[in-house]
Each structure stands twice: as C-alpha cells, then as structure tokens.
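For reference, data.json is printed below; it contains JSON, C-alpha atoms.
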```
[["chain", "number", "residue", "atom", "x", "y", "z"],
["A", 148, "MET", "CA", 107.35, 105.33, 132.79],
["A", 149, "ASP", "CA", 107.03, 101.55, 132.86],
["A", 150, "GLY", "CA", 104.45, 99.70, 130.80],
["A", 151, "LEU", "CA", 103.64, 97.29, 128.01],
["A", 152, "ILE", "CA", 104.64, 98.05, 124.43],
["A", 153, "LEU", "CA", 103.26, 96.75, 121.16],
["A", 154, "ALA", "CA", 105.90, 96.76, 118.43],
["A", 155, "GLY", "CA", 105.56, 95.66, 114.84],
["A", 156, "ASP", "CA", 107.46, 95.10, 111.62],
["A", 157, "VAL", "CA", 104.99, 95.12, 108.72],
["A", 158, "GLY", "CA", 106.03, 93.86, 105.30],
["A", 159, "GLY", "CA", 104.51, 92.83, 102.03],
["A", 160, "THR", "CA", 105.06, 89.15, 102.82],
["A", 161, "LYS", "CA", 105.06, 88.89, 106.61],
["A", 162, "THR", "CA", 104.05, 90.96, 109.63],
["A", 163, "GLN", "CA", 105.84, 90.36, 112.90],
["A", 164, "LEU", "CA", 104.34, 91.68, 116.14],
["A", 165, "GLY", "CA", 105.91, 91.71, 119.56],
["A", 166, "LEU", "CA", 104.77, 92.51, 123.09],
["A", 167, "PHE", "CA", 107.51, 94.07, 125.23],
["A", 168, "LYS", "CA", 107.74, 95.03, 128.88],
["A", 169, "HIS", "CA", 109.46, 98.33, 129.64],
["A", 170, "SER", "CA", 110.77, 98.56, 133.18],
["A", 171, "ALA", "CA", 113.51, 100.66, 134.79],
["A", 172, "GLY", "CA", 114.82, 101.77, 131.42],
["A", 173, "THR", "CA", 115.13, 98.27, 129.97],
["A", 174, "ILE", "CA", 113.05, 96.43, 127.37],
["A", 175, "GLU", "CA", 112.22, 92.76, 127.65],
["A", 176, "ILE", "CA", 110.25, 90.79, 125.09],
["A", 177, "VAL", "CA", 107.19, 88.97, 126.46],
["A", 178, "ARG", "CA", 106.15, 87.20, 123.27],
["A", 179, "ASP", "CA", 106.09, 87.66, 119.51],
["A", 180, "HIS", "CA", 104.43, 86.10, 116.48],
["A", 181, "ARG", "CA", 104.87, 86.22, 112.72],
["A", 182, "TYR", "CA", 101.81, 86.42, 110.45],
["A", 183, "ALA", "CA", 101.30, 86.17, 106.71],
["A", 184, "THR", "CA", 100.29, 89.72, 105.75],
["A", 185, "ALA", "CA", 97.86, 88.52, 103.07],
["A", 186, "ASP", "CA", 95.85, 86.56, 105.67],
["A", 187, "PHE", "CA", 94.42, 89.74, 107.25],
["A", 188, "ALA", "CA", 92.27, 92.56, 105.93],
["A", 189, "SER", "CA", 93.87, 95.31, 108.05],
["A", 190, "LEU", "CA", 96.61, 96.16, 110.49],
["A", 191, "GLU", "CA", 94.00, 96.58, 113.21],
["A", 192, "ALA", "CA", 92.79, 93.02, 112.60],
["A", 193, "VAL", "CA", 96.22, 91.44, 112.93],
["A", 194, "CYS", "CA", 96.95, 93.45, 116.08],
["A", 195, "ALA", "CA", 93.65, 92.32, 117.61],
["A", 196, "ASP", "CA", 94.51, 88.71, 116.83],
["A", 197, "PHE", "CA", 97.92, 89.07, 118.45],
["A", 198, "LEU", "CA", 96.79, 90.86, 121.61],
["A", 199, "GLY", "CA", 93.59, 88.88, 122.16],
["A", 200, "ALA", "CA", 90.50, 89.99, 124.05],
["A", 201, "GLY", "CA", 91.04, 92.35, 126.96],
["A", 202, "ALA", "CA", 94.78, 92.90, 126.41],
["A", 203, "ALA", "CA", 95.96, 96.47, 126.92],
["A", 204, "VAL", "CA", 99.20, 98.20, 125.99],
["A", 205, "ASN", "CA", 100.53, 101.62, 126.95],
["A", 206, "ALA", "CA", 102.12, 102.57, 123.62],
["A", 207, "ALA", "CA", 102.66, 101.14, 120.17],
["A", 208, "CYS", "CA", 105.13, 101.68, 117.35],
["A", 209, "LEU", "CA", 105.17, 99.80, 114.06],
["A", 210, "GLY", "CA", 107.51, 99.90, 111.10],
["A", 211, "VAL", "CA", 105.58, 99.87, 107.82],
["A", 212, "PRO", "CA", 106.67, 100.07, 104.16],
["A", 213, "GLY", "CA", 106.42, 103.37, 102.34],
["A", 214, "PRO", "CA", 106.60, 107.02, 103.40],
["A", 215, "ILE", "CA", 104.72, 108.24, 106.48],
["A", 216, "ILE", "CA", 102.95, 111.57, 105.94],
["A", 217, "ASP", "CA", 100.81, 113.11, 108.72],
["A", 218, "GLY", "CA", 100.52, 109.75, 110.45],
["A", 219, "ASN", "CA", 99.36, 107.93, 107.32],
["A", 220, "ALA", "CA", 101.50, 105.39, 105.51],
["A", 221, "HIS", "CA", 101.60, 105.30, 101.73],
["A", 222, "ALA", "CA", 102.59, 101.64, 101.53],
["A", 223, "THR", "CA", 104.01, 100.29, 98.30],
["A", 224, "ASN", "CA", 103.78, 96.54, 98.93],
["A", 225, "VAL", "CA", 100.98, 96.23, 101.53],
["A", 226, "PRO", "CA", 97.27, 96.47, 100.60],
["A", 227, "TRP", "CA", 96.17, 97.87, 103.99],
["A", 228, "GLN", "CA", 95.15, 101.42, 104.88],
["A", 229, "LEU", "CA", 97.71, 102.33, 107.55],
["A", 230, "SER", "CA", 96.95, 105.16, 109.95],
["A", 231, "SER", "CA", 98.34, 105.90, 113.41],
["A", 232, "ALA", "CA", 95.03, 107.52, 114.41],
["A", 233, "SER", "CA", 93.00, 104.48, 113.34],
["A", 234, "LEU", "CA", 95.30, 102.06, 115.14],
["A", 235, "SER", "CA", 95.27, 104.25, 118.25],
["A", 236, "ARG", "CA", 91.45, 104.09, 118.34],
["A", 237, "ALA", "CA", 91.63, 100.29, 118.00],
["A", 238, "LEU", "CA", 94.07, 100.19, 120.95],
["A", 239, "ASN", "CA", 91.87, 102.28, 123.27],
["A", 240, "GLY", "CA", 93.50, 105.61, 122.52],
["A", 241, "VAL", "CA", 97.11, 104.85, 123.48],
["A", 242, "PRO", "CA", 99.95, 106.74, 121.75],
["A", 243, "VAL", "CA", 100.77, 105.13, 118.40],
["A", 244, "ARG", "CA", 103.53, 105.95, 115.95],
["A", 245, "LEU", "CA", 104.05, 104.55, 112.49],
["A", 246, "LEU", "CA", 107.62, 104.54, 111.17],
["A", 247, "ASN", "CA", 108.96, 103.73, 107.77],
["A", 248, "ASP", "CA", 110.04, 100.09, 108.07],
["A", 249, "LEU", "CA", 113.65, 100.90, 107.29],
["A", 250, "THR", "CA", 113.64, 103.61, 109.95],
["A", 251, "ALA", "CA", 112.60, 100.96, 112.46],
["A", 252, "ILE", "CA", 115.26, 98.56, 111.20],
["A", 253, "ALA", "CA", 117.87, 101.33, 111.38],
["A", 254, "TYR", "CA", 117.05, 102.02, 115.04],
["A", 255, "GLY", "CA", 117.19, 98.29, 115.70],
["A", 256, "MET", "CA", 120.66, 97.92, 114.21],
["A", 257, "VAL", "CA", 122.33, 99.93, 116.97],
["A", 258, "HIS", "CA", 120.85, 97.59, 119.60],
["A", 259, "LEU", "CA", 122.14, 94.34, 118.05],
["A", 260, "LYS", "CA", 125.10, 92.47, 119.52],
["A", 261, "PRO", "CA", 128.33, 91.98, 117.51],
["A", 262, "ALA", "CA", 127.55, 88.25, 117.19],
["A", 263, "GLU", "CA", 124.34, 89.16, 115.34],
["A", 264, "PHE", "CA", 126.30, 90.49, 112.35],
["A", 265, "ALA", "CA", 128.44, 88.98, 109.61],
["A", 266, "VAL", "CA", 131.16, 91.31, 108.30],
["A", 267, "LEU", "CA", 131.46, 91.54, 104.51],
["A", 268, "HIS", "CA", 134.04, 94.31, 104.41],
["A", 269, "PRO", "CA", 136.09, 95.27, 107.47],
["A", 270, "ALA", "CA", 136.80, 98.94, 108.01],
["A", 271, "GLU", "CA", 140.21, 100.57, 107.87],
["A", 272, "ASN", "CA", 140.59, 103.09, 110.73],
["A", 273, "PRO", "CA", 136.85, 103.75, 111.29],
["A", 274, "PRO", "CA", 135.85, 106.71, 113.51],
["A", 275, "VAL", "CA", 134.38, 106.14, 116.97],
["A", 276, "HIS", "CA", 131.03, 107.43, 115.75],
["A", 277, "GLY", "CA", 129.78, 108.26, 112.31],
["A", 278, "ASN", "CA", 126.70, 108.22, 110.14],
["A", 279, "ILE", "CA", 125.34, 104.76, 109.25],
["A", 280, "ALA", "CA", 123.68, 103.66, 106.00],
["A", 281, "VAL", "CA", 121.07, 100.89, 106.12],
["A", 282, "VAL", "CA", 120.02, 99.00, 102.97],
["A", 283, "ALA", "CA", 117.57, 96.11, 103.01],
["A", 284, "ALA", "CA", 116.51, 93.99, 100.05],
["A", 285, "GLY", "CA", 113.44, 91.81, 100.59],
["A", 286, "THR", "CA", 110.00, 91.99, 99.03],
["A", 287, "GLY", "CA", 111.09, 95.50, 98.06],
["A", 288, "LEU", "CA", 114.22, 97.60, 98.60],
["A", 289, "GLY", "CA", 114.39, 99.83, 101.65],
["A", 290, "GLU", "CA", 116.99, 102.43, 102.54],
["A", 291, "SER", "CA", 117.59, 104.62, 105.57],
["A", 292, "ALA", "CA", 120.37, 106.39, 107.43],
["A", 293, "LEU", "CA", 121.35, 107.01, 111.03],
["A", 294, "VAL", "CA", 122.87, 110.40, 111.76],
["A", 295, "TRP", "CA", 125.06, 110.80, 114.83],
["A", 296, "GLU", "CA", 124.16, 113.93, 116.78],
["A", 297, "GLY", "CA", 126.14, 114.44, 119.96],
["A", 298, "ASP", "CA", 125.12, 111.47, 122.06],
["A", 299, "ARG", "CA", 122.75, 109.34, 119.99],
["A", 300, "TYR", "CA", 121.64, 108.32, 116.52],
["A", 301, "TYR", "CA", 118.63, 109.81, 114.74],
["A", 302, "ALA", "CA", 117.12, 107.87, 111.83],
["A", 303, "VAL", "CA", 116.35, 109.53, 108.51],
["A", 304, "ALA", "CA", 113.57, 108.01, 106.41],
["A", 305, "SER", "CA", 114.14, 107.47, 102.71],
["A", 306, "GLU", "CA", 112.50, 106.08, 99.60],
["A", 307, "GLY", "CA", 115.84, 105.67, 97.86],
["A", 308, "GLY", "CA", 114.96, 102.18, 96.69],
["A", 309, "HIS", "CA", 112.70, 103.80, 94.10],
["A", 310, "SER", "CA", 115.45, 105.97, 92.63],
["A", 311, "ASP", "CA", 116.69, 105.27, 89.10],
["A", 312, "PHE", "CA", 118.77, 102.15, 88.58],
["A", 313, "ALA", "CA", 122.22, 103.23, 87.38],
["A", 314, "PRO", "CA", 123.89, 100.34, 85.54],
["A", 315, "HIS", "CA", 127.63, 99.98, 85.14],
["A", 316, "GLY", "CA", 129.18, 97.90, 82.41],
["A", 317, "ALA", "CA", 127.72, 96.70, 79.12],
["A", 318, "GLU", "CA", 125.76, 93.78, 80.57],
["A", 319, "GLN", "CA", 123.95, 95.90, 83.16],
["A", 320, "ILE", "CA", 123.17, 98.47, 80.48],
["A", 321, "GLU", "CA", 121.47, 95.70, 78.50],
["A", 322, "LEU", "CA", 119.63, 94.67, 81.68],
["A", 323, "LEU", "CA", 118.34, 98.23, 81.99],
["A", 324, "ARG", "CA", 117.15, 98.17, 78.38],
["A", 325, "PHE", "CA", 115.41, 94.84, 78.99],
["A", 326, "LEU", "CA", 113.59, 96.12, 82.07],
["A", 327, "THR", "CA", 112.77, 99.50, 80.54],
["A", 328, "GLY", "CA", 110.87, 97.64, 77.84],
["A", 329, "GLU", "CA", 108.73, 95.99, 80.53],
["A", 330, "PHE", "CA", 108.35, 98.68, 83.21],
["A", 331, "GLY", "CA", 109.20, 102.03, 81.68],
["A", 332, "HIS", "CA", 110.80, 103.43, 84.81],
["A", 333, "VAL", "CA", 113.40, 101.09, 86.30],
["A", 334, "SER", "CA", 114.21, 101.67, 89.95],
["A", 335, "TYR", "CA", 116.80, 99.90, 92.08],
["A", 336, "GLU", "CA", 113.92, 97.95, 93.60],
["A", 337, "ARG", "CA", 113.32, 96.37, 90.18],
["A", 338, "VAL", "CA", 116.71, 94.63, 90.51],
["A", 339, "LEU", "CA", 117.47, 94.58, 94.26],
["A", 340, "SER", "CA", 114.56, 92.63, 95.77],
["A", 341, "GLY", "CA", 113.06, 89.18, 95.50],
["A", 342, "PRO", "CA", 111.18, 90.14, 92.32],
["A", 343, "GLY", "CA", 114.34, 91.97, 91.23],
["A", 344, "LEU", "CA", 116.46, 88.82, 91.36],
["A", 345, "TRP", "CA", 113.81, 87.10, 89.27],
["A", 346, "ASN", "CA", 114.03, 89.98, 86.75],
["A", 347, "ILE", "CA", 117.80, 89.57, 86.52],
["A", 348, "TYR", "CA", 117.46, 85.82, 86.09],
["A", 349, "ARG", "CA", 114.93, 86.19, 83.26],
["A", 350, "PHE", "CA", 117.25, 88.59, 81.46],
["A", 351, "ILE", "CA", 120.30, 86.37, 81.77],
["A", 352, "ARG", "CA", 118.37, 83.24, 80.81],
["A", 353, "ARG", "CA", 117.23, 85.02, 77.64],
["A", 354, "GLU", "CA", 120.69, 86.36, 76.84],
["A", 355, "SER", "CA", 122.41, 83.04, 77.47],
["A", 356, "GLY", "CA", 120.16, 81.06, 75.15],
["A", 357, "ALA", "CA", 120.52, 78.14, 77.56],
["A", 358, "GLU", "CA", 117.39, 76.08, 78.14],
["A", 359, "GLU", "CA", 116.06, 76.11, 81.69],
["A", 360, "PRO", "CA", 116.64, 72.70, 83.33],
["A", 361, "ALA", "CA", 113.48, 70.74, 84.08],
["A", 362, "TRP", "CA", 114.35, 70.37, 87.76],
["A", 363, "LEU", "CA", 114.73, 74.16, 88.06],
["A", 364, "SER", "CA", 111.41, 74.75, 86.27],
["A", 365, "ASP", "CA", 109.79, 72.44, 88.81],
["A", 366, "GLU", "CA", 111.31, 74.37, 91.72],
["A", 367, "ILE", "CA", 110.22, 77.69, 90.24],
["A", 368, "THR", "CA", 106.64, 76.58, 89.73],
["A", 369, "LYS", "CA", 106.37, 75.49, 93.36],
["A", 370, "GLY", "CA", 106.22, 79.08, 94.60],
["A", 371, "ASP", "CA", 109.01, 81.57, 95.33],
["A", 372, "HIS", "CA", 110.80, 82.17, 92.03],
["A", 373, "ALA", "CA", 113.67, 84.15, 93.57],
["A", 374, "ALA", "CA", 114.26, 81.55, 96.28],
["A", 375, "ALA", "CA", 114.53, 78.82, 93.65],
["A", 376, "VAL", "CA", 117.08, 80.86, 91.71],
["A", 377, "SER", "CA", 119.18, 81.79, 94.75],
["A", 378, "GLU", "CA", 119.19, 78.26, 96.15],
["A", 379, "ALA", "CA", 120.29, 76.84, 92.81],
["A", 380, "ALA", "CA", 123.01, 79.49, 92.58],
["A", 381, "ILE", "CA", 124.39, 78.87, 96.07],
["A", 382, "ALA", "CA", 124.46, 75.13, 95.39],
["A", 383, "GLY", "CA", 126.19, 75.76, 92.06],
["A", 384, "ARG", "CA", 123.59, 73.68, 90.22],
["A", 385, "ASP", "CA", 122.91, 76.03, 87.32],
["A", 386, "PRO", "CA", 125.36, 78.52, 85.73],
["A", 387, "VAL", "CA", 122.60, 80.96, 84.75],
["A", 388, "CYS", "CA", 121.42, 81.13, 88.37],
["A", 389, "VAL", "CA", 125.01, 81.63, 89.54],
["A", 390, "HIS", "CA", 125.42, 84.43, 87.00],
["A", 391, "ALA", "CA", 122.15, 86.07, 88.06],
["A", 392, "LEU", "CA", 122.92, 86.02, 91.79],
["A", 393, "THR", "CA", 126.48, 87.22, 91.17],
["A", 394, "MET", "CA", 125.12, 90.21, 89.25],
["A", 395, "PHE", "CA", 122.59, 90.81, 92.03],
["A", 396, "CYS", "CA", 125.42, 90.92, 94.61],
["A", 397, "ASP", "CA", 127.49, 93.26, 92.42],
["A", 398, "ILE", "CA", 124.58, 95.69, 92.04],
["A", 399, "TYR", "CA", 123.80, 95.39, 95.77],
["A", 400, "GLY", "CA", 127.37, 96.42, 96.58],
["A", 401, "SER", "CA", 127.23, 99.32, 94.14],
["A", 402, "GLU", "CA", 123.96, 100.70, 95.57],
["A", 403, "ALA", "CA", 125.18, 100.23, 99.16],
["A", 404, "ALA", "CA", 128.20, 102.34, 98.24],
["A", 405, "ASN", "CA", 125.96, 104.94, 96.59],
["A", 406, "LEU", "CA", 124.05, 105.40, 99.84],
["A", 407, "ALA", "CA", 127.25, 105.32, 101.89],
["A", 408, "LEU", "CA", 128.65, 108.20, 99.85],
["A", 409, "LYS", "CA", 125.42, 110.19, 99.99],
["A", 410, "VAL", "CA", 125.30, 110.14, 103.80],
["A", 411, "LEU", "CA", 129.09, 109.75, 104.34],
["A", 412, "ALA", "CA", 128.45, 106.58, 106.33],
["A", 413, "LEU", "CA", 131.80, 106.30, 108.11],
["A", 414, "GLY", "CA", 129.93, 104.54, 110.93],
["A", 415, "GLY", "CA", 129.27, 101.63, 108.58],
["A", 416, "VAL", "CA", 126.82, 100.14, 106.11],
["A", 417, "TYR", "CA", 124.34, 97.63, 107.51],
["A", 418, "LEU", "CA", 122.43, 95.22, 105.29],
["A", 419, "GLY", "CA", 119.03, 94.23, 106.63],
["A", 420, "GLY", "CA", 116.04, 92.53, 105.04],
["A", 421, "GLY", "CA", 115.30, 88.89, 104.43],
["A", 422, "ILE", "CA", 117.52, 88.25, 101.42],
["A", 423, "ALA", "CA", 121.04, 89.02, 102.67],
["A", 424, "PRO", "CA", 121.27, 86.29, 105.35],
["A", 425, "LYS", "CA", 119.93, 83.71, 102.88],
["A", 426, "ILE", "CA", 122.54, 84.50, 100.22],
["A", 427, "LEU", "CA", 125.42, 85.19, 102.63],
["A", 428, "PRO", "CA", 127.82, 82.72, 100.93],
["A", 429, "MET", "CA", 127.41, 84.59, 97.65],
["A", 430, "LEU", "CA", 127.65, 88.01, 99.30],
["A", 431, "MET", "CA", 130.96, 86.92, 100.82],
["A", 432, "GLY", "CA", 132.19, 85.55, 97.49],
["A", 433, "GLY", "CA", 133.63, 88.86, 96.29],
["A", 434, "ALA", "CA", 131.03, 90.30, 93.91],
["A", 435, "PHE", "CA", 129.45, 92.53, 96.56],
["A", 436, "VAL", "CA", 132.76, 94.07, 97.66],
["A", 437, "LYS", "CA", 133.79, 94.47, 94.03],
["A", 438, "GLY", "CA", 130.63, 96.50, 93.40],
["A", 439, "PHE", "CA", 131.09, 98.42, 96.65],
["A", 440, "LEU", "CA", 134.67, 99.44, 95.82],
["A", 441, "ALA", "CA", 133.95, 100.63, 92.28],
["A", 442, "LYS", "CA", 133.59, 104.35, 92.84],
["A", 443, "GLY", "CA", 136.84, 105.61, 91.36],
["A", 444, "ARG", "CA", 138.35, 108.50, 93.29],
["A", 445, "LEU", "CA", 136.18, 107.81, 96.36],
["A", 446, "ASN", "CA", 137.39, 104.23, 96.87],
["A", 447, "GLU", "CA", 139.78, 105.38, 99.59],
["A", 448, "ILE", "CA", 136.81, 106.67, 101.59],
["A", 449, "LEU", "CA", 134.86, 103.46, 101.03],
["A", 450, "LYS", "CA", 137.79, 101.39, 102.30],
["A", 451, "ARG", "CA", 137.20, 103.03, 105.69],
["A", 452, "ILE", "CA", 133.57, 101.90, 105.82],
["A", 453, "GLU", "CA", 132.67, 98.57, 107.39],
["A", 454, "VAL", "CA", 129.84, 96.59, 105.78],
["A", 455, "ARG", "CA", 127.83, 94.24, 107.98],
["A", 456, "VAL", "CA", 124.91, 91.88, 107.37],
["A", 457, "SER", "CA", 122.31, 91.69, 110.14],
["A", 458, "LEU", "CA", 121.62, 88.08, 111.05],
["A", 459, "ASN", "CA", 118.74, 89.00, 113.36],
["A", 460, "PRO", "CA", 115.41, 89.06, 111.47],
["A", 461, "ALA", "CA", 113.79, 90.93, 114.38],
["A", 462, "ALA", "CA", 115.92, 94.09, 114.03],
["A", 463, "GLY", "CA", 112.89, 96.13, 112.89],
["A", 464, "LEU", "CA", 110.79, 94.85, 115.75],
["A", 465, "LEU", "CA", 113.50, 95.75, 118.25],
["A", 466, "GLY", "CA", 113.91, 99.22, 116.77],
["A", 467, "ALA", "CA", 110.16, 99.88, 116.93],
["A", 468, "ALA", "CA", 110.08, 98.73, 120.56],
["A", 469, "HIS", "CA", 112.80, 101.20, 121.52],
["A", 470, "VAL", "CA", 110.98, 104.05, 119.80],
["A", 471, "ALA", "CA", 107.74, 103.09, 121.59],
["A", 472, "ALA", "CA", 109.57, 103.02, 124.93],
["A", 473, "ALA", "CA", 110.51, 106.67, 124.43],
["A", 474, "MET", "CA", 106.79, 107.44, 124.03],
["A", 475, "LEU", "CA", 105.84, 106.23, 127.50]]
```
Would it be possible to restate this file's structure as structure tokens?
Amino acid sequence: MDGLILAGDVGGTKTQLGLFKHSAGTIEIVRDHRYATADFASLEAVCADFLGAGAAVNAACLGVPGPIIDGNAHATNVPWQLSSASLSRALNGVPVRLLNDLTAIAYGMVHLKPAEFAVLHPAENPPVHGNIAVVAAGTGLGESALVWEGDRYYAVASEGGHSDFAPHGAEQIELLRFLTGEFGHVSYERVLSGPGLWNIYRFIRRESGAEEPAWLSDEITKGDHAAAVSEAAIAGRDPVCVHALTMFCDIYGSEAANLALKVLALGGVYLGGGIAPKILPMLMGGAFVKGFLAKGRLNEILKRIEVRVSLNPAAGLLGAAHVAAAML
C-alpha cells in the first residue's frame, strides 16, 4: 500500500521527525526537522508542530529511548509519557509503533550506503551474512543487534548500556571506585556517553593533580562539558583531555567487543549515536581497536569482525521509516 509515513528519532537532547512518501515499494523523504526535546511537553505536541493543521499520515513509527512494554516506553532520558495508543489517537487512529531507539538505528544501518560509513577495523574473511551488533554513545548508551534469518535482518532490542561497567587495568579499576562512590551502581552508560566522558575527565583531572587551564574552564562553563573536553582532546590542547578521550575510546572498543561476542556479530559492529562521528580522529587513533582486540582467546574471532562508524545522523529516522512502511 502506498501512503505517507511519519517517522521519528526521539532522544534526550534532540527529536528528529521526518515525513516520507511510500510508493511502489520505495521510500522517499518529503521533509524533516530537528527539535530540541526540552522545548515540548509531549511527543504528541512535537508531532503536531511538525505536521501542522490538517496534515494526515497513514502510519507512524518512532524510535524512543528505553524499553517498550505493551506499547508504552519506559524512557530513561526523556521526560515525556510515550504511548503508541496515545500517539495513534493524536494522529486520527492510524497504526503507530514505538521502537527502542537503537532498534530503529539498527534497522537504519542496513539501508545506509558504503560512503556513509567510516571503517575503524576492517574484517578478515567476513561471511556474506551474519549477525550485526549496534552500539551508540550519545546522551546515553544504546545497544542492539540484528539477527540474520534466511532473507532479512530482525532487530533485537536491548538495554545493555545499563549493564555493569567492567573495568580492565588498574586505572579503570580506580575509575570504577571513583564512580561507585558517586553513583553506587556504575553502568557502561556512566562512562560511555556525553555525561560519561565528563565523568572520566573529572576522575583523570583529580588523579593527575594538574590544574584545569582557564581557557578550558571557560569552554566548559559555556554549556556542553563533554564537547569542550573532546574538542580540546582532538586539538591536543590539554593532556588531561587527551587522556580522558583516549580512555573513553579504549572502553568503547572493549564494550563493542563485548556485544560482538555476545551476539557473535560476524556481520560487523556498527557505531551509531552522536558522539562517534565527532571524535572520529581519536577513534581511528588506535585506542578503540586496542580495546576491541583485548579479549584473549577470542581475539581471532574479533579479527574477522568489521567495525564501522555511521556518518549519517538520520540512521534512526530511516530505520523507523522502513518499519512504518511495512505497516501500510
């Protein structure tokens, strides 16, 4: 069936909505817009703003943070009440599906072009098809997997970003102790996210005993703490920032390998989210691959797994659109 599709990628910082036209088995974007999530009181309100008065769609699918249970999202970083039934009523009763945001991103990954990826670790003799692991650090840490079944991929939702952080090496063990004193339970999201990079930086700044430069303090106070740290690290302006982002990349590689082993992701590991493209020079500097290939006896398996960074920030939107098209 042909028709108009509303697709969305909802996050703690931004919400991106897109209107797509489905015709003869193909999907074509009509328009899209990115909103600041905090500017709206509900998902229904932001959708109404995007569609405008009198606009009608035939189906909708939105990726949202947190687990989806009986059509209701239990979002971890978004203050809205998220319900497929409520959104369907707001859209005149059309079919609506809420997906975990990483599920949507995972579906989007298989529709991206090769030029929309940067390769961090090329594969050695990869299979034609295989399971895929998707890890995305941003406001939080999302994880998902794509399982190959016969002729297509099926996404598996996960809340693996909230599993226990497993440090390796003396310094990371001290990082865990530092964060345990503040949070009690320390998940991977506490270190692999925007706030997580800030946590790592605070720990290393304390351990180093080095005074924070005035110019860096000024950048930090302007707004995004993690962005200030990562930008200073990439520019090589402050050794503590370089150290913090290097550790971040090492841990990112280690957790990507953890998920790859859990789902036997011979089809590859894809990094999504907003952070990876912004720190690509550091990810390609060696620390990520070092962390990825630090699994002892299983390193030979990991050498066969390609790791790619998605350079397309609309992967989640595209994945949601394809799921909605199947609902028509």
Tell me, as number ranges by chain, which residues lie within 9 Å of Ser189 in chain A, counting only C-alpha atoms; anything in the same chain fewer than 5 positions away does not count. A: 184, 194, 226-229
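When only C-alpha atoms are used to measure the gap to Glu336 in chain A, the shortest distance among A:Ile320, A:Ala473, A:Ala283, A:Ala461 belongs to A:Ala283.
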The residue from A:Lys442, A:Arg451, A:Gly287, A:Asp248 with the smallest atom-to-atom distance to Val303 in chain A, counting only C-alpha atoms, is A:Asp248
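When the distance limit is 7 Å and all atoms listed in the file are what count, the residues near range 156-171 of chain A, minus those fewer than 2 positions from it on the same chain, are A:Asp149, A:Gly150, A:Leu151, A:Ile152, A:Leu153, A:Ala154, A:Thr173, A:Ile174, A:Glu175, A:Ile176, A:Val177, A:Arg178, A:Asp179, A:His180, A:Arg181, A:Tyr182, A:Ala183, A:Thr184, A:Leu209, A:Gly210, A:Val211, A:Pro212, A:Asn224, A:Val225, A:Asp248, A:Thr286, A:Gly463, A:Leu464, A:Ala472.
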Mind pulling up the distance from CA of Met431 in chain A to CA of Tyr399 in chain A?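 CA of Met431 in chain A lies at a distance of 12.2 Å from CA of Tyr399 in chain A.
CA of Leu449 in chain A sits 15.4 Å away from CA of Gly433 in chain A.
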Between CA of Pro424 in chain A and CA of Ala284 in chain A, measure the distance and give it in Å to one decimal.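 So the two atoms, CA of Pro424 in chain A and CA of Ala284 in chain A, lie 10.5 Å apart.
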Which residues, protein or nucleic acid, reach to within 12 Å of (126.3, 86.0, 101.5) in the file's coordinates when using all atoms listed in the file, and can you give that as a ChimeraX atom specification? /A:264-268,377-378,380-381,392-393,395-397,399-400,418,421-436,454-458
Env of range 296-301 of chain A: 10 Å cut, atoms = all atoms listed in the file, seq-sep filter 2 positions within chain, self excluded. Answer as a list of chain:residue names.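 Contacts, in chain order: A:Thr250, A:Ala253, A:Tyr254, A:Val257, A:His276, A:Gly277, A:Asn278, A:Ile279, A:Ala292, A:Leu293, A:Val294, A:Val303, A:Ala304.
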Spatial neighbours of Gly307 in chain A, 12 Å, all atoms listed in the file, chain gap at least 3 places, as a ChimeraX atom specification: /A:213-214,249,280-284,287-292,303-304,310-312,334-336,339,402-403,405-406,409
Residues from the last selection, C-alpha atoms, saved as a compact mmCIF listing (two decimals), in the coordinates of the input:
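What ended up in selection.txt:
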```
# COMPACT_ATOMS: atom_id res chain seq x y z
CA GLY A 213 106.42 103.37 102.34
CA PRO A 214 106.60 107.02 103.40
CA LEU A 249 113.65 100.90 107.29
CA ALA A 280 123.68 103.66 106.00
CA VAL A 281 121.07 100.89 106.12
CA VAL A 282 120.02 99.00 102.97
CA ALA A 283 117.57 96.11 103.01
CA ALA A 284 116.51 93.99 100.05
CA GLY A 287 111.09 95.50 98.06
CA LEU A 288 114.22 97.60 98.60
CA GLY A 289 114.39 99.83 101.65
CA GLU A 290 116.99 102.43 102.54
CA SER A 291 117.59 104.62 105.57
CA ALA A 292 120.37 106.39 107.43
CA VAL A 303 116.35 109.53 108.51
CA ALA A 304 113.57 108.01 106.41
CA SER A 310 115.45 105.97 92.63
CA ASP A 311 116.69 105.27 89.10
CA PHE A 312 118.77 102.15 88.58
CA SER A 334 114.21 101.67 89.95
CA TYR A 335 116.80 99.90 92.08
CA GLU A 336 113.92 97.95 93.60
CA LEU A 339 117.47 94.58 94.26
CA GLU A 402 123.96 100.70 95.57
CA ALA A 403 125.18 100.23 99.16
CA ASN A 405 125.96 104.94 96.59
CA LEU A 406 124.05 105.40 99.84
CA LYS A 409 125.42 110.19 99.99
```
Asp371 in chain A environment, 10 Å, all atoms listed in the file, sequence neighbours closer than 6 positions dropped, as a ChimeraX atom specification: /A:341-342,345
Using all atoms listed in the file, find the one residue out of A:Gly343, A:Gly414, A:Gly420, A:Pro360 that sits nearest to Ile452 in chain A.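 Nearest candidate to Ile452 in chain A out of A:Gly343, A:Gly414, A:Gly420, A:Pro360: A:Gly414.
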Of the candidates A:Val241, A:Ile398, A:Leu344, A:Ala302, which one gets nearest to Glu318 in chain A if we count all atoms listed in the file?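 Result for the nearest residue to Glu318 in chain A: A:Ile398.
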Ref. answer, residues at most 10 Å from (118.0, 86.0, 85.5) with all atoms listed in the file, as a PDB file with C-alpha atoms, in the frame of the given file:
```pdb
ATOM      1  CA  LEU A 322     119.630  94.670  81.680  1.00  0.00           C
ATOM      2  CA  GLY A 343     114.340  91.970  91.230  1.00  0.00           C
ATOM      3  CA  LEU A 344     116.460  88.820  91.360  1.00  0.00           C
ATOM      4  CA  TRP A 345     113.810  87.100  89.270  1.00  0.00           C
ATOM      5  CA  ASN A 346     114.030  89.980  86.750  1.00  0.00           C
ATOM      6  CA  ILE A 347     117.800  89.570  86.520  1.00  0.00           C
ATOM      7  CA  TYR A 348     117.460  85.820  86.090  1.00  0.00           C
ATOM      8  CA  ARG A 349     114.930  86.190  83.260  1.00  0.00           C
ATOM      9  CA  PHE A 350     117.250  88.590  81.460  1.00  0.00           C
ATOM     10  CA  ILE A 351     120.300  86.370  81.770  1.00  0.00           C
ATOM     11  CA  ARG A 352     118.370  83.240  80.810  1.00  0.00           C
ATOM     12  CA  ARG A 353     117.230  85.020  77.640  1.00  0.00           C
ATOM     13  CA  GLU A 354     120.690  86.360  76.840  1.00  0.00           C
ATOM     14  CA  SER A 355     122.410  83.040  77.470  1.00  0.00           C
ATOM     15  CA  ALA A 373     113.670  84.150  93.570  1.00  0.00           C
ATOM     16  CA  VAL A 376     117.080  80.860  91.710  1.00  0.00           C
ATOM     17  CA  VAL A 387     122.600  80.960  84.750  1.00  0.00           C
ATOM     18  CA  CYS A 388     121.420  81.130  88.370  1.00  0.00           C
ATOM     19  CA  VAL A 389     125.010  81.630  89.540  1.00  0.00           C
ATOM     20  CA  HIS A 390     125.420  84.430  87.000  1.00  0.00           C
ATOM     21  CA  ALA A 391     122.150  86.070  88.060  1.00  0.00           C
ATOM     22  CA  LEU A 392     122.920  86.020  91.790  1.00  0.00           C
ATOM     23  CA  MET A 394     125.120  90.210  89.250  1.00  0.00           C
ATOM     24  CA  PHE A 395     122.590  90.810  92.030  1.00  0.00           C
TER      25      PHE A 395
END
```
